[in-house]
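Student: Please find one structure pasted underneath; my questions will follow.
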Amino acid sequence: MYRATDPATGDPVAVKAIAEELAADEGFRARFRRECEIAASIDHPNLIPVRRSGDGFLAMEWVEGVTLRELAPLEPARAAWIAAQVAAALDAVHARGFVHRDVKPGNVLVGPGDHAYLTDFGLAKEISADPGLTDGGRWLGTVDYAPPEQIRGLPADERSDVYALGATLFQTLTGRVPYPREDDSEKMTAHLHQPPPEHDSPLDPVVRRAMAKDPRARFASAGDLGRAALEAVDS
């Protein structure tokens with residue numbers, strides 16, 4: 001990722017480019033092209049606007065800010081406000097027929113006024129597509145936030161992103177991942193079998209519902225999660 005200047009406007013832009021050592025990896029290039037297409041196709045205030053894209057690069061509006069991972073832990077009202085914005089962005093992504101598959105604090109950029117942006121569509125996939133746990137046997141995603149169905153290699157849908165947003169909200173509130181374990185296999189086992197983690201805040205019921213093992217027990221949409229979070233801190 002680089003900071004550059006748009007030659008047409010003189011404005012600063014963030015340029016994401018394929019690293020030289022990955023340029024020959026066609027699978028990586030295909031995911032990058034998909035990321036460019038998705039990012040450019042959705043206009044939403046909680047998604048960073050795309051200025052232009054080309055072979056191996058994506059230029060986006062420059063946003064001064066830090067990732068949510070760097071800000072955590074936050075007090076409940078602030079955490080709820082940021083989560084609701086990410087939820088709104090996810091609703092827009094889902095409405096276009098895609099699932100993000102890598103919602104996590106490191107993929108949420110928080111700018112001035114706590115304006116939040118959901119970033120990184122490199123693992124996004126059509127909701128109706130075949131299961132996408134792995135490509136060529138490789139894990140895709142971030143295990144600390146992965147829903148059980150993604151770990152099992154089952155199809156991901158809107159509720160899979162709801163689970164990951166719930167895990168993200170937990171870390172936003174506590175400063176730690178939901179299941180801190182020694183290695184990825186232990187984390188996967190916890191996501192599959194351990195109850196959702198509890199914490200002491202009015203958002204605890206929201207997190208636990210979002211991280212239900214059965215997708216049918218979760219919020220039906222990311223927006224529902226966001227609204228529940230705001231209501232919980234406003235009551």
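Labels for the structure tokens follow display order: chains A, B, ..., residues from 1 in each chain, ligands from 1.
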Compile the contact shell of A:Gly56 as an mmCIF file with all heavy atoms, in the first residue's frame: residues with an atom at most 12 Å away, counting only C-alpha atoms, same-chain residues fewer than 6 positions apart removed.
Tutor:
data_model
loop_
_atom_site.group_PDB
_atom_site.id
_atom_site.type_symbol
_atom_site.label_atom_id
_atom_site.label_comp_id
_atom_site.auth_asym_id
_atom_site.auth_seq_id
_atom_site.Cartn_x
_atom_site.Cartn_y
_atom_site.Cartn_z
ATOM 1 N N MET A 1 0.847 -1.182 0.000
ATOM 2 C CA MET A 1 0.000 0.000 0.000
ATOM 3 C C MET A 1 0.884 1.234 0.000
ATOM 4 O O MET A 1 1.854 1.314 0.759
ATOM 5 C CB MET A 1 -0.913 -0.005 1.221
ATOM 6 C CG MET A 1 -1.914 1.130 1.251
ATOM 7 S SD MET A 1 -3.261 0.934 0.068
ATOM 8 C CE MET A 1 -4.248 -0.316 0.887
ATOM 9 N N VAL A 15 -2.819 3.795 -2.896
ATOM 10 C CA VAL A 15 -2.660 2.854 -4.002
ATOM 11 C C VAL A 15 -2.279 1.492 -3.450
ATOM 12 O O VAL A 15 -1.258 1.345 -2.765
ATOM 13 C CB VAL A 15 -1.590 3.333 -4.999
ATOM 14 C CG1 VAL A 15 -1.417 2.303 -6.115
ATOM 15 C CG2 VAL A 15 -1.977 4.684 -5.585
ATOM 16 N N LYS A 16 -3.113 0.519 -3.743
ATOM 17 C CA LYS A 16 -2.825 -0.860 -3.372
ATOM 18 C C LYS A 16 -2.326 -1.570 -4.616
ATOM 19 O O LYS A 16 -2.995 -1.567 -5.655
ATOM 20 C CB LYS A 16 -4.088 -1.545 -2.836
ATOM 21 C CG LYS A 16 -3.859 -2.941 -2.285
ATOM 22 C CD LYS A 16 -5.138 -3.468 -1.643
ATOM 23 C CE LYS A 16 -4.904 -4.812 -0.985
ATOM 24 N NZ LYS A 16 -6.143 -5.329 -0.319
ATOM 25 N N ALA A 17 -1.149 -2.164 -4.529
ATOM 26 C CA ALA A 17 -0.544 -2.808 -5.694
ATOM 27 C C ALA A 17 -0.092 -4.210 -5.335
ATOM 28 O O ALA A 17 0.259 -4.496 -4.184
ATOM 29 C CB ALA A 17 0.632 -1.979 -6.194
ATOM 30 N N ILE A 18 -0.094 -5.084 -6.320
ATOM 31 C CA ILE A 18 0.370 -6.449 -6.118
ATOM 32 C C ILE A 18 1.881 -6.446 -5.929
ATOM 33 O O ILE A 18 2.622 -5.857 -6.728
ATOM 34 C CB ILE A 18 -0.009 -7.339 -7.313
ATOM 35 C CG1 ILE A 18 -1.536 -7.444 -7.433
ATOM 36 C CG2 ILE A 18 0.590 -8.736 -7.154
ATOM 37 C CD1 ILE A 18 -2.006 -8.261 -8.616
ATOM 38 N N ALA A 19 2.326 -7.084 -4.863
ATOM 39 C CA ALA A 19 3.763 -7.174 -4.613
ATOM 40 C C ALA A 19 4.442 -7.963 -5.731
ATOM 41 O O ALA A 19 3.855 -8.886 -6.312
ATOM 42 C CB ALA A 19 4.025 -7.845 -3.265
ATOM 43 N N GLU A 20 5.657 -7.585 -6.013
ATOM 44 C CA GLU A 20 6.380 -8.197 -7.132
ATOM 45 C C GLU A 20 6.464 -9.711 -7.008
ATOM 46 O O GLU A 20 6.318 -10.439 -7.995
ATOM 47 C CB GLU A 20 7.786 -7.604 -7.213
ATOM 48 C CG GLU A 20 8.596 -8.085 -8.401
ATOM 49 C CD GLU A 20 9.954 -7.417 -8.487
ATOM 50 O OE1 GLU A 20 10.195 -6.462 -7.728
ATOM 51 O OE2 GLU A 20 10.778 -7.857 -9.319
ATOM 52 N N LEU A 22 4.380 -11.695 -5.840
ATOM 53 C CA LEU A 22 3.081 -12.342 -6.056
ATOM 54 C C LEU A 22 2.529 -12.101 -7.451
ATOM 55 O O LEU A 22 1.470 -12.623 -7.801
ATOM 56 C CB LEU A 22 2.069 -11.833 -5.024
ATOM 57 C CG LEU A 22 2.366 -12.187 -3.564
ATOM 58 C CD1 LEU A 22 1.406 -11.455 -2.645
ATOM 59 C CD2 LEU A 22 2.282 -13.694 -3.346
ATOM 60 N N ALA A 23 3.245 -11.339 -8.255
ATOM 61 C CA ALA A 23 2.734 -10.956 -9.573
ATOM 62 C C ALA A 23 2.476 -12.144 -10.485
ATOM 63 O O ALA A 23 1.602 -12.101 -11.357
ATOM 64 C CB ALA A 23 3.704 -9.984 -10.241
ATOM 65 N N ALA A 24 3.227 -13.218 -10.304
ATOM 66 C CA ALA A 24 3.070 -14.381 -11.175
ATOM 67 C C ALA A 24 2.033 -15.375 -10.656
ATOM 68 O O ALA A 24 1.738 -16.369 -11.325
ATOM 69 C CB ALA A 24 4.418 -15.082 -11.348
ATOM 70 N N ASP A 25 1.468 -15.119 -9.472
ATOM 71 C CA ASP A 25 0.478 -16.018 -8.886
ATOM 72 C C ASP A 25 -0.895 -15.670 -9.458
ATOM 73 O O ASP A 25 -1.524 -14.695 -9.056
ATOM 74 C CB ASP A 25 0.493 -15.858 -7.364
ATOM 75 C CG ASP A 25 -0.431 -16.838 -6.647
ATOM 76 O OD1 ASP A 25 -1.425 -17.278 -7.252
ATOM 77 O OD2 ASP A 25 -0.169 -17.136 -5.468
ATOM 78 N N GLU A 26 -1.368 -16.483 -10.397
ATOM 79 C CA GLU A 26 -2.610 -16.158 -11.085
ATOM 80 C C GLU A 26 -3.803 -16.192 -10.143
ATOM 81 O O GLU A 26 -4.750 -15.411 -10.295
ATOM 82 C CB GLU A 26 -2.854 -17.118 -12.248
ATOM 83 C CG GLU A 26 -4.070 -16.766 -13.112
ATOM 84 C CD GLU A 26 -4.102 -15.291 -13.537
ATOM 85 O OE1 GLU A 26 -3.057 -14.748 -13.941
ATOM 86 O OE2 GLU A 26 -5.192 -14.683 -13.460
ATOM 87 N N PHE A 28 -3.785 -15.308 -6.988
ATOM 88 C CA PHE A 28 -3.754 -14.045 -6.253
ATOM 89 C C PHE A 28 -4.202 -12.899 -7.152
ATOM 90 O O PHE A 28 -4.953 -12.021 -6.724
ATOM 91 C CB PHE A 28 -2.340 -13.779 -5.731
ATOM 92 C CG PHE A 28 -2.240 -12.593 -4.816
ATOM 93 C CD1 PHE A 28 -2.399 -12.742 -3.448
ATOM 94 C CD2 PHE A 28 -2.003 -11.323 -5.320
ATOM 95 C CE1 PHE A 28 -2.325 -11.646 -2.604
ATOM 96 C CE2 PHE A 28 -1.926 -10.223 -4.484
ATOM 97 C CZ PHE A 28 -2.088 -10.388 -3.120
ATOM 98 N N ARG A 29 -3.760 -12.905 -8.410
ATOM 99 C CA ARG A 29 -4.155 -11.842 -9.337
ATOM 100 C C ARG A 29 -5.661 -11.869 -9.571
ATOM 101 O O ARG A 29 -6.301 -10.817 -9.687
ATOM 102 C CB ARG A 29 -3.399 -11.984 -10.664
ATOM 103 C CG ARG A 29 -1.901 -11.737 -10.560
ATOM 104 C CD ARG A 29 -1.243 -11.781 -11.930
ATOM 105 N NE ARG A 29 -1.646 -10.641 -12.739
ATOM 106 C CZ ARG A 29 -1.031 -9.469 -12.727
ATOM 107 N NH1 ARG A 29 0.028 -9.283 -11.950
ATOM 108 N NH2 ARG A 29 -1.446 -8.479 -13.489
ATOM 109 N N ALA A 30 -6.236 -13.077 -9.633
ATOM 110 C CA ALA A 30 -7.684 -13.185 -9.835
ATOM 111 C C ALA A 30 -8.438 -12.614 -8.642
ATOM 112 O O ALA A 30 -9.436 -11.908 -8.804
ATOM 113 C CB ALA A 30 -8.075 -14.646 -10.058
ATOM 114 N N ARG A 31 -7.960 -12.903 -7.421
ATOM 115 C CA ARG A 31 -8.611 -12.342 -6.232
ATOM 116 C C ARG A 31 -8.461 -10.828 -6.201
ATOM 117 O O ARG A 31 -9.383 -10.117 -5.793
ATOM 118 C CB ARG A 31 -8.012 -12.967 -4.966
ATOM 119 C CG ARG A 31 -8.391 -14.422 -4.768
ATOM 120 C CD ARG A 31 -8.118 -14.890 -3.359
ATOM 121 N NE ARG A 31 -6.710 -14.840 -3.012
ATOM 122 C CZ ARG A 31 -5.838 -15.809 -3.264
ATOM 123 N NH1 ARG A 31 -6.244 -16.902 -3.899
ATOM 124 N NH2 ARG A 31 -4.585 -15.703 -2.894
ATOM 125 N N PHE A 32 -7.315 -10.324 -6.656
ATOM 126 C CA PHE A 32 -7.101 -8.877 -6.674
ATOM 127 C C PHE A 32 -8.036 -8.210 -7.676
ATOM 128 O O PHE A 32 -8.611 -7.157 -7.405
ATOM 129 C CB PHE A 32 -5.643 -8.569 -7.014
ATOM 130 C CG PHE A 32 -5.280 -7.121 -6.836
ATOM 131 C CD1 PHE A 32 -4.901 -6.632 -5.596
ATOM 132 C CD2 PHE A 32 -5.332 -6.234 -7.901
ATOM 133 C CE1 PHE A 32 -4.576 -5.299 -5.416
ATOM 134 C CE2 PHE A 32 -5.008 -4.895 -7.739
ATOM 135 C CZ PHE A 32 -4.627 -4.430 -6.491
ATOM 136 N N ARG A 33 -8.207 -8.843 -8.844
ATOM 137 C CA ARG A 33 -9.136 -8.281 -9.843
ATOM 138 C C ARG A 33 -10.546 -8.253 -9.298
ATOM 139 O O ARG A 33 -11.289 -7.289 -9.510
ATOM 140 C CB ARG A 33 -9.072 -9.096 -11.144
ATOM 141 C CG ARG A 33 -7.813 -8.873 -11.983
ATOM 142 C CD ARG A 33 -7.972 -9.450 -13.374
ATOM 143 N NE ARG A 33 -8.105 -10.894 -13.353
ATOM 144 C CZ ARG A 33 -7.075 -11.740 -13.430
ATOM 145 N NH1 ARG A 33 -5.834 -11.270 -13.504
ATOM 146 N NH2 ARG A 33 -7.264 -13.048 -13.433
ATOM 147 N N ARG A 34 -10.924 -9.313 -8.580
ATOM 148 C CA ARG A 34 -12.268 -9.350 -7.995
ATOM 149 C C ARG A 34 -12.420 -8.252 -6.951
ATOM 150 O O ARG A 34 -13.464 -7.594 -6.873
ATOM 151 C CB ARG A 34 -12.531 -10.722 -7.375
ATOM 152 C CG ARG A 34 -13.931 -10.861 -6.779
ATOM 153 C CD ARG A 34 -14.247 -12.303 -6.412
ATOM 154 N NE ARG A 34 -13.356 -12.819 -5.401
ATOM 155 C CZ ARG A 34 -12.549 -13.859 -5.559
ATOM 156 N NH1 ARG A 34 -12.521 -14.502 -6.714
ATOM 157 N NH2 ARG A 34 -11.774 -14.282 -4.574
ATOM 158 N N GLU A 35 -11.388 -8.042 -6.165
ATOM 159 C CA GLU A 35 -11.432 -6.977 -5.166
ATOM 160 C C GLU A 35 -11.642 -5.631 -5.842
ATOM 161 O O GLU A 35 -12.457 -4.811 -5.387
ATOM 162 C CB GLU A 35 -10.133 -6.942 -4.360
ATOM 163 C CG GLU A 35 -10.081 -5.800 -3.363
ATOM 164 C CD GLU A 35 -8.807 -5.765 -2.539
ATOM 165 O OE1 GLU A 35 -7.908 -6.569 -2.801
ATOM 166 O OE2 GLU A 35 -8.735 -4.925 -1.621
ATOM 167 N N CYS A 36 -10.926 -5.374 -6.931
ATOM 168 C CA CYS A 36 -11.067 -4.103 -7.646
ATOM 169 C C CYS A 36 -12.486 -3.934 -8.170
ATOM 170 O O CYS A 36 -13.087 -2.857 -8.055
ATOM 171 C CB CYS A 36 -10.068 -4.033 -8.800
ATOM 172 S SG CYS A 36 -8.338 -3.949 -8.295
#
Student: As a list in words, please: all residues of stretch 33-74 of chain A that backbone DSSP puts in helix (DSSP H, G or I).
Tutor: Arg33, Arg34, Glu35, Cys36, Glu37, Ile38, Ala39, Ala40, Ser41, Leu68, Arg69, Glu70 and Leu71 of chain A
Student: To test your reading of the structure, identify every residue in stretch 25-180 of chain A that backbone DSSP assigns to strand (DSSP E or B), and report it as a ChimeraX atom specification.
Tutor: /A:47,50-54,57-61,66-67,98-99,108-110,116-118,125-126,134-135,138-139
Student: Any idea what's packed within 12 Å of A:Asp224, counting only C-alpha atoms, ignoring anything in its chain fewer than 2 positions away? Could you give it as a list in words?
Tutor: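 Answer for this query is Ala83, Ala84, Gln85, Val86, Ala87, Ala88, Leu90, Asp91, Glu158, Arg159, Val162, Leu165, Gly166, Val206, Arg209, Ala210, Arg218, Phe219, Ala220, Ser221, Ala222, Gly226, Arg227, Ala228, Ala229, Leu230 and Glu231 of chain A.
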Student: May I have the residues within 8 Å of stretch 213-216 of chain A as a ChimeraX atom specification, using only C-alpha atoms and disregarding those fewer than 6 positions away in the same chain?
Tutor: /A:147-148,159-160,191-193,195
Student: So, counting only C-alpha atoms, which residue among A:Glu21, A:Asp204, A:Glu75, A:Asp55 is closest to A:Leu173?
Tutor: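 Looking only at the distances to A:Leu173, the closest residue turns out to be A:Glu75.
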Student: Find the residues near A:Ala40: any atom within 9 Å, counting only C-alpha atoms, skip ones fewer than 5 places away on the same chain, and give them as a list of chain:residue names.
Tutor: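 Close residues of A:Ala40: A:Glu35, A:Pro49, A:Val50, A:Arg51, A:Arg52, A:Ser53.
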Student: Could you turn the residues from that selection into a file that holds N, CA and C atoms, as an mmCIF file, in the first residue's frame?
Tutor:
data_model
loop_
_atom_site.group_PDB
_atom_site.id
_atom_site.type_symbol
_atom_site.label_atom_id
_atom_site.label_comp_id
_atom_site.auth_asym_id
_atom_site.auth_seq_id
_atom_site.Cartn_x
_atom_site.Cartn_y
_atom_site.Cartn_z
ATOM 1 N N GLU A 35 -11.388 -8.042 -6.165
ATOM 2 C CA GLU A 35 -11.432 -6.977 -5.166
ATOM 3 C C GLU A 35 -11.642 -5.631 -5.842
ATOM 4 N N PRO A 49 -14.109 5.288 -1.447
ATOM 5 C CA PRO A 49 -14.333 5.445 -2.887
ATOM 6 C C PRO A 49 -13.093 5.076 -3.702
ATOM 7 N N VAL A 50 -13.333 4.405 -4.820
ATOM 8 C CA VAL A 50 -12.262 4.031 -5.741
ATOM 9 C C VAL A 50 -12.106 5.125 -6.784
ATOM 10 N N ARG A 51 -10.896 5.584 -6.980
ATOM 11 C CA ARG A 51 -10.617 6.607 -7.994
ATOM 12 C C ARG A 51 -10.361 5.980 -9.356
ATOM 13 N N ARG A 52 -9.541 4.937 -9.364
ATOM 14 C CA ARG A 52 -9.245 4.242 -10.618
ATOM 15 C C ARG A 52 -8.570 2.920 -10.293
ATOM 16 N N SER A 53 -8.569 2.017 -11.269
ATOM 17 C CA SER A 53 -7.880 0.742 -11.099
ATOM 18 C C SER A 53 -7.330 0.306 -12.449
#
Student: A:Asp114, A:Glu149, A:Glu70, A:Glu186: which is nearest A:Asp161, counting only C-alpha atoms?
Tutor: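 Nearest candidate to A:Asp161 out of A:Asp114, A:Glu149, A:Glu70, A:Glu186: A:Glu149.
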Student: I want to know what sits within 12 Å of A:Val110, based on only C-alpha atoms, with residues of the same chain fewer than 2 positions away left out; could you give that as a ChimeraX atom specification?
Tutor: /A:46-48,63-72,78-79,81-83,85-86,105-108,112-119
Student: What lies within 7 Å of A:Pro76 using only C-alpha atoms, ignoring chain neighbours under 6 positions off, as a PyMOL selection string?
Tutor: chain A and resi 173+201+203+233
Student: Which residue, A:Leu225, A:Ala190, A:Met60, A:Ala4, has the smallest gap to A:Tyr163 when you use only C-alpha atoms?
Tutor: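 Using only C-alpha atoms, A:Tyr163 sits closest to A:Leu225.
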Student: Just checking: using only C-alpha atoms, which residue out of A:Val177, A:Ala89, A:Ala39, A:Leu123 ends up closest to A:Val143?
Tutor: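 Looking at the shortest contact to A:Val143, the residue is A:Val177.
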Student: In Å to one decimal, how far is atom CA of A:Glu61 from atom CA of A:Ala167?
Tutor: 27.8 Å
